[in-house]
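Enquirer: File name run.csv; file contents CSV, C-alpha atoms; full text below.
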chain,number,residue,atom,x,y,z
A,1,MET,CA,-1.2,26.1,17.3
A,2,PRO,CA,-4.8,27.0,16.3
A,3,GLU,CA,-6.9,28.8,18.8
A,4,GLY,CA,-8.9,26.5,21.0
A,5,ALA,CA,-6.7,23.4,20.2
A,6,GLN,CA,-5.5,21.4,23.1
A,7,ARG,CA,-1.7,21.4,23.6
A,8,PRO,CA,-0.2,17.9,23.7
A,9,PRO,CA,1.0,16.9,27.2
A,10,GLY,CA,4.5,18.1,28.0
A,11,VAL,CA,4.3,20.9,25.4
A,12,ARG,CA,4.5,24.4,26.8
A,13,ARG,CA,3.4,27.7,25.2
A,14,GLY,CA,6.9,28.7,24.3
A,15,ASP,CA,7.8,25.3,22.8
A,16,ILE,CA,5.9,25.6,19.5
A,17,VAL,CA,7.1,28.1,16.9
A,18,GLY,CA,4.0,29.4,15.1
A,19,ARG,CA,4.2,29.8,11.4
A,20,THR,CA,1.4,30.1,8.9
A,21,PRO,CA,1.8,29.2,5.2
A,22,ILE,CA,1.2,32.3,2.9
A,23,GLY,CA,-1.7,32.2,0.5
A,24,SER,CA,-3.7,29.1,-0.3
A,25,PRO,CA,-1.4,26.6,-2.0
A,26,ALA,CA,-2.7,23.5,-3.7
A,27,LYS,CA,-3.4,20.6,-1.3
A,28,LEU,CA,-0.5,18.2,-0.9
A,29,ARG,CA,-1.6,14.6,-0.7
A,30,HIS,CA,0.7,13.0,1.9
A,31,ARG,CA,1.3,13.9,5.5
A,32,ILE,CA,4.4,12.9,7.4
A,33,LEU,CA,5.3,13.2,11.1
A,34,GLY,CA,9.0,13.4,11.9
A,35,ILE,CA,10.2,12.5,15.4
A,36,ASP,CA,13.6,13.3,16.9
A,37,PRO,CA,13.5,11.3,20.1
A,38,GLY,CA,15.4,12.4,23.2
A,39,SER,CA,15.3,11.6,26.9
A,40,ARG,CA,14.8,15.2,27.9
A,41,THR,CA,13.5,16.9,24.7
A,42,THR,CA,11.7,15.2,21.8
A,43,GLY,CA,11.3,17.2,18.7
A,44,TYR,CA,8.4,16.8,16.2
A,45,GLY,CA,7.6,18.2,12.8
A,46,VAL,CA,4.6,17.7,10.5
A,47,ILE,CA,4.8,18.3,6.8
A,48,ASP,CA,2.5,17.8,3.8
A,49,THR,CA,4.1,16.6,0.5
A,50,ASP,CA,3.2,15.5,-2.9
A,51,GLY,CA,6.6,13.9,-3.6
A,52,GLN,CA,7.9,17.1,-5.3
A,53,ARG,CA,6.9,19.9,-2.9
A,54,SER,CA,6.7,19.9,0.9
A,55,ARG,CA,5.0,22.4,3.1
A,56,TRP,CA,5.3,23.0,6.9
A,57,ILE,CA,2.2,22.2,8.9
A,58,ALA,CA,3.3,22.1,12.6
A,59,SER,CA,6.4,21.6,14.7
A,60,GLY,CA,7.6,21.9,18.3
A,61,THR,CA,9.1,20.0,21.2
A,62,LEU,CA,8.0,17.8,24.0
A,63,ARG,CA,10.0,18.9,27.0
A,64,VAL,CA,10.0,16.3,29.8
A,65,GLY,CA,13.4,16.7,31.4
A,66,GLU,CA,12.0,18.1,34.7
A,67,PHE,CA,10.0,14.9,35.4
A,68,PRO,CA,11.2,11.6,37.0
A,69,TRP,CA,12.4,9.1,34.4
A,70,PRO,CA,9.4,6.7,34.2
A,71,ASP,CA,7.1,9.7,33.9
A,72,ARG,CA,9.1,11.1,31.0
A,73,LEU,CA,8.3,8.0,28.9
A,74,GLY,CA,4.6,8.2,29.6
A,75,ARG,CA,4.6,11.9,28.7
A,76,ILE,CA,6.5,11.2,25.4
A,77,PHE,CA,4.0,8.5,24.6
A,78,ASP,CA,1.0,10.7,25.4
A,79,GLY,CA,2.5,13.7,23.6
A,80,VAL,CA,3.2,11.8,20.3
A,81,ALA,CA,-0.2,10.2,20.5
A,82,ALA,CA,-1.9,13.6,20.9
A,83,ILE,CA,0.1,15.0,17.9
A,84,VAL,CA,-0.9,12.0,15.8
A,85,ALA,CA,-4.6,12.5,16.8
A,86,GLU,CA,-4.5,16.2,16.0
A,87,HIS,CA,-2.6,16.1,12.6
A,88,ALA,CA,-3.5,12.5,11.3
A,89,PRO,CA,-0.2,11.8,9.5
A,90,HIS,CA,-0.1,9.0,7.0
A,91,GLU,CA,3.4,8.0,8.1
A,92,MET,CA,5.9,8.6,10.8
A,93,ALA,CA,9.7,8.9,10.3
A,94,VAL,CA,12.0,8.4,13.3
A,95,GLU,CA,15.7,8.8,13.7
A,96,GLN,CA,17.5,5.6,14.4
A,97,LEU,CA,19.6,5.1,17.5
A,98,ILE,CA,23.3,5.4,16.8
A,99,PHE,CA,26.2,4.2,18.8
A,100,ALA,CA,26.8,6.2,22.0
A,101,ARG,CA,29.8,6.1,24.3
A,102,ASP,CA,27.6,6.4,27.3
A,103,PRO,CA,25.6,3.2,27.7
A,104,THR,CA,23.2,4.8,30.1
A,105,ALA,CA,22.4,7.7,27.8
A,106,ALA,CA,22.0,5.3,24.9
A,107,LEU,CA,19.6,3.2,26.9
A,108,LYS,CA,17.4,6.2,27.8
A,109,ILE,CA,17.3,7.5,24.3
A,110,GLY,CA,16.3,4.0,23.1
A,111,GLN,CA,13.5,3.9,25.6
A,112,ALA,CA,12.4,7.4,24.5
A,113,ARG,CA,12.4,6.1,20.9
A,114,GLY,CA,10.3,3.1,22.0
A,115,ALA,CA,7.7,5.3,23.6
A,116,ALA,CA,7.4,7.5,20.5
A,117,LEU,CA,7.3,4.4,18.2
A,118,CYS,CA,4.6,2.7,20.3
A,119,ALA,CA,2.5,5.9,20.2
A,120,GLY,CA,2.6,6.0,16.4
A,121,LEU,CA,2.1,2.2,15.9
A,122,LYS,CA,-0.8,2.1,18.4
A,123,SER,CA,-2.5,4.8,16.3
A,124,GLY,CA,-2.1,2.8,13.2
A,125,VAL,CA,0.6,5.0,11.6
A,126,THR,CA,3.3,3.3,9.4
A,127,VAL,CA,6.8,3.9,10.9
A,128,HIS,CA,10.0,4.4,9.0
A,129,GLU,CA,13.5,4.8,10.4
A,130,TYR,CA,16.5,6.7,9.1
A,131,SER,CA,20.1,7.1,10.3
A,132,PRO,CA,21.3,10.6,11.3
A,133,LYS,CA,23.8,10.5,8.4
A,134,THR,CA,21.1,9.6,5.9
A,135,VAL,CA,18.9,12.5,7.2
A,136,LYS,CA,21.7,15.0,6.9
A,137,LEU,CA,22.6,13.8,3.4
A,138,ALA,CA,19.0,14.1,2.3
A,139,VAL,CA,18.5,17.7,3.5
A,140,VAL,CA,22.0,19.3,3.3
A,141,GLY,CA,23.8,17.1,0.8
A,142,THR,CA,26.5,15.9,3.1
A,143,GLY,CA,26.3,13.3,5.9
A,144,GLY,CA,28.7,15.3,8.0
A,145,ALA,CA,26.6,18.5,8.2
A,146,ASP,CA,26.4,20.2,11.6
A,147,LYS,CA,23.3,21.3,13.5
A,148,ALA,CA,23.5,24.9,12.1
A,149,GLN,CA,23.6,23.7,8.5
A,150,VAL,CA,20.6,21.5,9.1
A,151,GLN,CA,18.6,24.3,10.7
A,152,HIS,CA,19.5,26.7,7.8
A,153,MET,CA,18.4,24.2,5.2
A,154,ILE,CA,15.1,23.4,7.0
A,155,ARG,CA,14.3,27.1,7.0
A,156,VAL,CA,15.1,27.3,3.3
A,157,LEU,CA,13.4,24.1,2.1
A,158,LEU,CA,10.2,24.8,4.1
A,159,ALA,CA,10.2,28.6,3.6
A,160,LEU,CA,10.1,29.3,7.3
A,161,THR,CA,10.1,32.8,8.6
A,162,GLU,CA,12.8,32.0,11.2
A,163,VAL,CA,15.3,29.3,12.1
A,164,PRO,CA,13.8,26.5,14.1
A,165,CYS,CA,15.4,25.2,17.3
A,166,GLU,CA,17.7,22.2,17.0
A,167,ASP,CA,15.3,19.5,18.1
A,168,GLU,CA,12.5,20.9,15.9
A,169,ALA,CA,14.8,21.2,12.9
A,170,ASP,CA,16.0,17.7,13.3
A,171,ALA,CA,12.4,16.4,13.4
A,172,LEU,CA,11.5,18.3,10.3
A,173,ALA,CA,14.7,17.1,8.6
A,174,ILE,CA,13.6,13.5,9.3
A,175,ALA,CA,10.2,14.1,7.8
A,176,LEU,CA,11.8,15.7,4.7
A,177,CYS,CA,14.2,12.8,4.4
A,178,HIS,CA,11.3,10.4,4.2
A,179,ALA,CA,9.4,12.7,1.8
A,180,HIS,CA,12.5,12.8,-0.5
A,181,SER,CA,12.9,9.1,-0.4
A,182,MET,CA,9.4,8.5,-1.6
A,183,GLY,CA,10.4,9.2,-5.2
A,184,ILE,CA,13.6,7.1,-5.1
A,185,PRO,CA,13.9,3.3,-5.6
A,186,ALA,CA,14.4,1.5,-2.3
A,187,ARG,CA,18.0,0.5,-3.2
A,188,GLY,CA,19.0,4.1,-3.6
A,189,ARG,CA,17.4,5.7,-0.6
A,190,ALA,CA,20.2,5.5,1.8
A,191,SER,CA,22.6,7.4,-0.4
A,192,ALA,CA,20.2,9.8,-2.0
A,193,SER,CA,20.4,13.6,-1.6
A,194,TRP,CA,17.6,16.0,-2.1
A,195,ARG,CA,19.6,17.6,-4.9
A,196,ASP,CA,19.4,14.3,-6.8
A,197,TRP,CA,15.7,13.6,-6.3
A,198,ARG,CA,13.3,13.7,-9.2
A,199,PRO,CA,9.5,13.4,-9.0
Just give me the structure of the file as structure tokens.

Expert:
Amino acid sequence: MPEGAQRPPGVRRGDIVGRTPIGSPAKLRHRILGIDPGSRTTGYGVIDTDGQRSRWIASGTLRVGEFPWPDRLGRIFDGVAAIVAEHAPHEMAVEQLIFARDPTAALKIGQARGAALCAGLKSGVTVHEYSPKTVKLAVVGTGGADKAQVQHMIRVLLALTEVPCEDEADALAIALCHAHSMGIPARGRASASWRDWRP
């Protein structure tokens, strides 16, 4: 986080892994915010892309698990709104809610998604949704990839100096999934892999 910048509510000093791109690469025209919603930890990742190349801009987590449930939703909303205000993404990509065996857990994750979605929409950001399988297929090449594989590929694809934490990697993967889908006809987006993408 740049010196003097305000930290989004709920984001602590140790939550953001600082990385700085090397050199002065050409400006990429499109900015995407990826969100991995959670009832205790919400990951976020910001990338710039031109449809062919993508570059890491910022990432981290909003940790709200220590607060009472209603307060968590407010902090997720405020945190995502602050990230949008700071980084001004053109679009936001969010992971879809999948079937969960625990109805209570599913309800809470759904509410966390709602808080994040509302924060983006209220700020005028276009929102896109992708299933976990589609995200894994886009960044790893298989819909059955595990967390470690996603983390490894995020590090490779964005040339990061270290492996990001799970929530951070998932958010960056969602952003990359949307970046890759931008160059693919709509009918082929769900099954497209980053290996098959062409500018």

Enquirer: Taking all atoms listed in the file into account, name the residue in A:Met182, A:Ile35, A:Ala119, A:Cys165 that is nearest to A:Ala85.

Expert: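 Smallest separation from A:Ala85 among the options: A:Ala119.
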
Enquirer: Between A:Val140, A:Ala148, A:Val156, A:Ala93, which one has atoms that come closest to A:Gly34, using only C-alpha atoms?

Expert: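 Of A:Val140, A:Ala148, A:Val156, A:Ala93, the one nearest A:Gly34, counting only C-alpha atoms, is A:Ala93.
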
Enquirer: Under the rule that only C-alpha atoms are counted, which of A:Val127, A:Leu62, A:Met153, A:Val163 is the nearest residue to A:Ala112?

Expert: A:Leu62

Enquirer: Find the spatial neighbours of stretch 69-79 of chain A, counting all atoms listed in the file, within a cut-off of 12 Å - ignore same-chain residues fewer than 4 positions away - and output them as a PyMOL selection string.

Expert: chain A and resi 6-12+35-44+60-65+83-86+107-123

Enquirer: Here is a test: counting only C-alpha atoms, which residue of A:Ala169, A:Thr161, A:Arg53, A:Gln96 is nearest to A:Asp146?

Expert: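 Selected residue with least distance to A:Asp146: A:Ala169.
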
Enquirer: Excluding A:Ala179 and its own-chain neighbours fewer than 3 positions away, which residues fall within 8 Å of it when counting only C-alpha atoms? Please give them as a list of chain:residue names.

Expert: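 Near A:Ala179, the qualifying residues are A:Ile32, A:Thr49, A:Gly51, A:Ser54, A:Ala175, A:Leu176, A:Met182, A:Gly183.
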
Enquirer: Pull the closest atom pair for each residue of stretch 162-187 of chain A that gets at most 7 Å from stretch 132-137 of chain A, along with the distance in Å to one decimal, counting all atoms listed in the file, ordering rows by chain and then ascending residue number, as a Markdown table.

Expert:
| residue | atom | partner | partner_atom | distance |
| --- | --- | --- | --- | --- |
| A:Ala173 | CA | A:Val135 | CA | 6.4 |
| A:Ile174 | CA | A:Val135 | CA | 5.8 |
| A:Cys177 | CA | A:Val135 | CA | 5.5 |

Enquirer: Using the selection just defined, write its residues with C-alpha atoms as a CSV table (one decimal), in the frame of the given file.

Expert:
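Okay, this is what ended up in part.csv:
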chain,number,residue,atom,x,y,z
A,173,ALA,CA,14.7,17.1,8.6
A,174,ILE,CA,13.6,13.5,9.3
A,177,CYS,CA,14.2,12.8,4.4

Enquirer: Please, what distance in Å, to one decimal, runs between atom CA of A:Gln149 and atom CA of A:Ala105?

Expert: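 Here the two named atoms are 25.1 Å from each other.
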
Enquirer: Mind pulling up the distance from atom CA of A:Ala159 to atom CA of A:Val80?

Expert: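 Here the two named atoms are 24.7 Å from each other.
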
Enquirer: May I ask for the distance between atom CA of A:Pro164 and atom CA of A:Ser59, given in Å to one decimal place?

Expert: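 Computing the Euclidean distance for atom CA of A:Pro164 and atom CA of A:Ser59 yields 8.9 Å.
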
Enquirer: Could you name the residues that touch A:His128 at 8 Å or less, counting all atoms listed in the file, but leaving out those on the same chain fewer than 3 positions away, as number ranges by chain?

Expert: A: 91-94, 178

Enquirer: Which of these residues is nearest to A:Ala88, using all atoms listed in the file: A:Ala58, A:Leu33, A:Asp50, A:Ser131?

Expert: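 Looking at the shortest contact to A:Ala88, the residue is A:Leu33.
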
Enquirer: Which residue gives the smallest distance to A:Leu172 among A:Val139, A:Val125, A:Ala106, A:Ala81, with all atoms listed in the file counted?

Expert: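 For A:Leu172, the nearest of the given residues is A:Val139.
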
Enquirer: Is it possible to add all heavy atoms to stretch 96-107 of chain A and hand it back as a PDB file, in the frame of the given file?

Expert:
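Okay, selection_32.pdb is ready:
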ATOM      1  N   GLN A  96      17.016   6.799  13.771  1.00  0.00           N
ATOM      2  CA  GLN A  96      17.500   5.600  14.400  1.00  0.00           C
ATOM      3  C   GLN A  96      18.508   5.907  15.498  1.00  0.00           C
ATOM      4  O   GLN A  96      19.126   6.974  15.523  1.00  0.00           O
ATOM      5  CB  GLN A  96      18.304   4.764  13.301  1.00  0.00           C
ATOM      6  CG  GLN A  96      17.415   4.161  12.238  1.00  0.00           C
ATOM      7  CD  GLN A  96      18.235   3.436  11.186  1.00  0.00           C
ATOM      8  OE1 GLN A  96      19.433   3.673  11.026  1.00  0.00           O
ATOM      9  NE2 GLN A  96      17.583   2.557  10.449  1.00  0.00           N
ATOM     10  N   LEU A  97      18.627   4.984  16.416  1.00  0.00           N
ATOM     11  CA  LEU A  97      19.600   5.100  17.500  1.00  0.00           C
ATOM     12  C   LEU A  97      20.969   4.770  17.009  1.00  0.00           C
ATOM     13  O   LEU A  97      21.170   3.707  16.430  1.00  0.00           O
ATOM     14  CB  LEU A  97      19.191   4.213  18.677  1.00  0.00           C
ATOM     15  CG  LEU A  97      20.113   4.235  19.898  1.00  0.00           C
ATOM     16  CD1 LEU A  97      20.085   5.611  20.538  1.00  0.00           C
ATOM     17  CD2 LEU A  97      19.670   3.178  20.906  1.00  0.00           C
ATOM     18  N   ILE A  98      21.927   5.683  17.207  1.00  0.00           N
ATOM     19  CA  ILE A  98      23.300   5.400  16.800  1.00  0.00           C
ATOM     20  C   ILE A  98      24.133   5.054  18.012  1.00  0.00           C
ATOM     21  O   ILE A  98      23.712   5.227  19.147  1.00  0.00           O
ATOM     22  CB  ILE A  98      23.909   6.642  16.084  1.00  0.00           C
ATOM     23  CG1 ILE A  98      23.878   7.869  17.011  1.00  0.00           C
ATOM     24  CG2 ILE A  98      23.161   6.938  14.793  1.00  0.00           C
ATOM     25  CD1 ILE A  98      24.617   9.072  16.440  1.00  0.00           C
ATOM     26  N   PHE A  99      25.329   4.572  17.762  1.00  0.00           N
ATOM     27  CA  PHE A  99      26.200   4.200  18.800  1.00  0.00           C
ATOM     28  C   PHE A  99      26.539   5.361  19.741  1.00  0.00           C
ATOM     29  O   PHE A  99      26.814   6.455  19.273  1.00  0.00           O
ATOM     30  CB  PHE A  99      27.512   3.609  18.259  1.00  0.00           C
ATOM     31  CG  PHE A  99      28.551   3.293  19.301  1.00  0.00           C
ATOM     32  CD1 PHE A  99      28.463   2.141  20.060  1.00  0.00           C
ATOM     33  CD2 PHE A  99      29.601   4.170  19.533  1.00  0.00           C
ATOM     34  CE1 PHE A  99      29.415   1.857  21.026  1.00  0.00           C
ATOM     35  CE2 PHE A  99      30.559   3.896  20.496  1.00  0.00           C
ATOM     36  CZ  PHE A  99      30.459   2.725  21.243  1.00  0.00           C
ATOM     37  N   ALA A 100      26.449   5.140  21.031  1.00  0.00           N
ATOM     38  CA  ALA A 100      26.800   6.200  22.000  1.00  0.00           C
ATOM     39  C   ALA A 100      27.838   5.678  22.969  1.00  0.00           C
ATOM     40  O   ALA A 100      27.820   4.514  23.357  1.00  0.00           O
ATOM     41  CB  ALA A 100      25.534   6.623  22.763  1.00  0.00           C
ATOM     42  N   ARG A 101      28.761   6.545  23.343  1.00  0.00           N
ATOM     43  CA  ARG A 101      29.800   6.100  24.300  1.00  0.00           C
ATOM     44  C   ARG A 101      29.292   5.899  25.665  1.00  0.00           C
ATOM     45  O   ARG A 101      29.843   5.112  26.421  1.00  0.00           O
ATOM     46  CB  ARG A 101      30.918   7.205  24.293  1.00  0.00           C
ATOM     47  CG  ARG A 101      31.664   7.354  22.971  1.00  0.00           C
ATOM     48  CD  ARG A 101      32.757   8.401  23.061  1.00  0.00           C
ATOM     49  NE  ARG A 101      33.487   8.530  21.810  1.00  0.00           N
ATOM     50  CZ  ARG A 101      34.481   9.378  21.604  1.00  0.00           C
ATOM     51  NH1 ARG A 101      34.865  10.185  22.599  1.00  0.00           N
ATOM     52  NH2 ARG A 101      35.094   9.432  20.444  1.00  0.00           N
ATOM     53  N   ASP A 102      28.207   6.575  26.021  1.00  0.00           N
ATOM     54  CA  ASP A 102      27.600   6.400  27.300  1.00  0.00           C
ATOM     55  C   ASP A 102      26.452   5.443  27.257  1.00  0.00           C
ATOM     56  O   ASP A 102      25.397   5.777  26.717  1.00  0.00           O
ATOM     57  CB  ASP A 102      27.116   7.795  27.830  1.00  0.00           C
ATOM     58  CG  ASP A 102      26.559   7.728  29.252  1.00  0.00           C
ATOM     59  OD1 ASP A 102      26.364   6.623  29.774  1.00  0.00           O
ATOM     60  OD2 ASP A 102      26.313   8.813  29.825  1.00  0.00           O
ATOM     61  N   PRO A 103      26.634   4.227  27.776  1.00  0.00           N
ATOM     62  CA  PRO A 103      25.600   3.200  27.700  1.00  0.00           C
ATOM     63  C   PRO A 103      24.270   3.648  28.345  1.00  0.00           C
ATOM     64  O   PRO A 103      23.185   3.333  27.854  1.00  0.00           O
ATOM     65  CB  PRO A 103      26.180   2.000  28.405  1.00  0.00           C
ATOM     66  CG  PRO A 103      27.655   2.222  28.363  1.00  0.00           C
ATOM     67  CD  PRO A 103      27.841   3.703  28.436  1.00  0.00           C
ATOM     68  N   THR A 104      24.370   4.389  29.452  1.00  0.00           N
ATOM     69  CA  THR A 104      23.200   4.800  30.100  1.00  0.00           C
ATOM     70  C   THR A 104      22.373   5.805  29.285  1.00  0.00           C
ATOM     71  O   THR A 104      21.147   5.718  29.166  1.00  0.00           O
ATOM     72  CB  THR A 104      23.527   5.509  31.479  1.00  0.00           C
ATOM     73  OG1 THR A 104      24.237   4.564  32.299  1.00  0.00           O
ATOM     74  CG2 THR A 104      22.276   5.959  32.210  1.00  0.00           C
ATOM     75  N   ALA A 105      23.083   6.751  28.649  1.00  0.00           N
ATOM     76  CA  ALA A 105      22.400   7.700  27.800  1.00  0.00           C
ATOM     77  C   ALA A 105      21.787   7.013  26.581  1.00  0.00           C
ATOM     78  O   ALA A 105      20.660   7.337  26.180  1.00  0.00           O
ATOM     79  CB  ALA A 105      23.419   8.767  27.294  1.00  0.00           C
ATOM     80  N   ALA A 106      22.503   6.047  26.014  1.00  0.00           N
ATOM     81  CA  ALA A 106      22.000   5.300  24.900  1.00  0.00           C
ATOM     82  C   ALA A 106      20.715   4.542  25.247  1.00  0.00           C
ATOM     83  O   ALA A 106      19.741   4.494  24.484  1.00  0.00           O
ATOM     84  CB  ALA A 106      23.033   4.335  24.338  1.00  0.00           C
ATOM     85  N   LEU A 107      20.717   3.955  26.447  1.00  0.00           N
ATOM     86  CA  LEU A 107      19.600   3.200  26.900  1.00  0.00           C
ATOM     87  C   LEU A 107      18.349   4.114  27.062  1.00  0.00           C
ATOM     88  O   LEU A 107      17.229   3.780  26.646  1.00  0.00           O
ATOM     89  CB  LEU A 107      19.876   2.515  28.235  1.00  0.00           C
ATOM     90  CG  LEU A 107      18.747   1.688  28.865  1.00  0.00           C
ATOM     91  CD1 LEU A 107      18.340   0.551  27.934  1.00  0.00           C
ATOM     92  CD2 LEU A 107      19.189   1.140  30.222  1.00  0.00           C
TER      93      LEU A 107
END
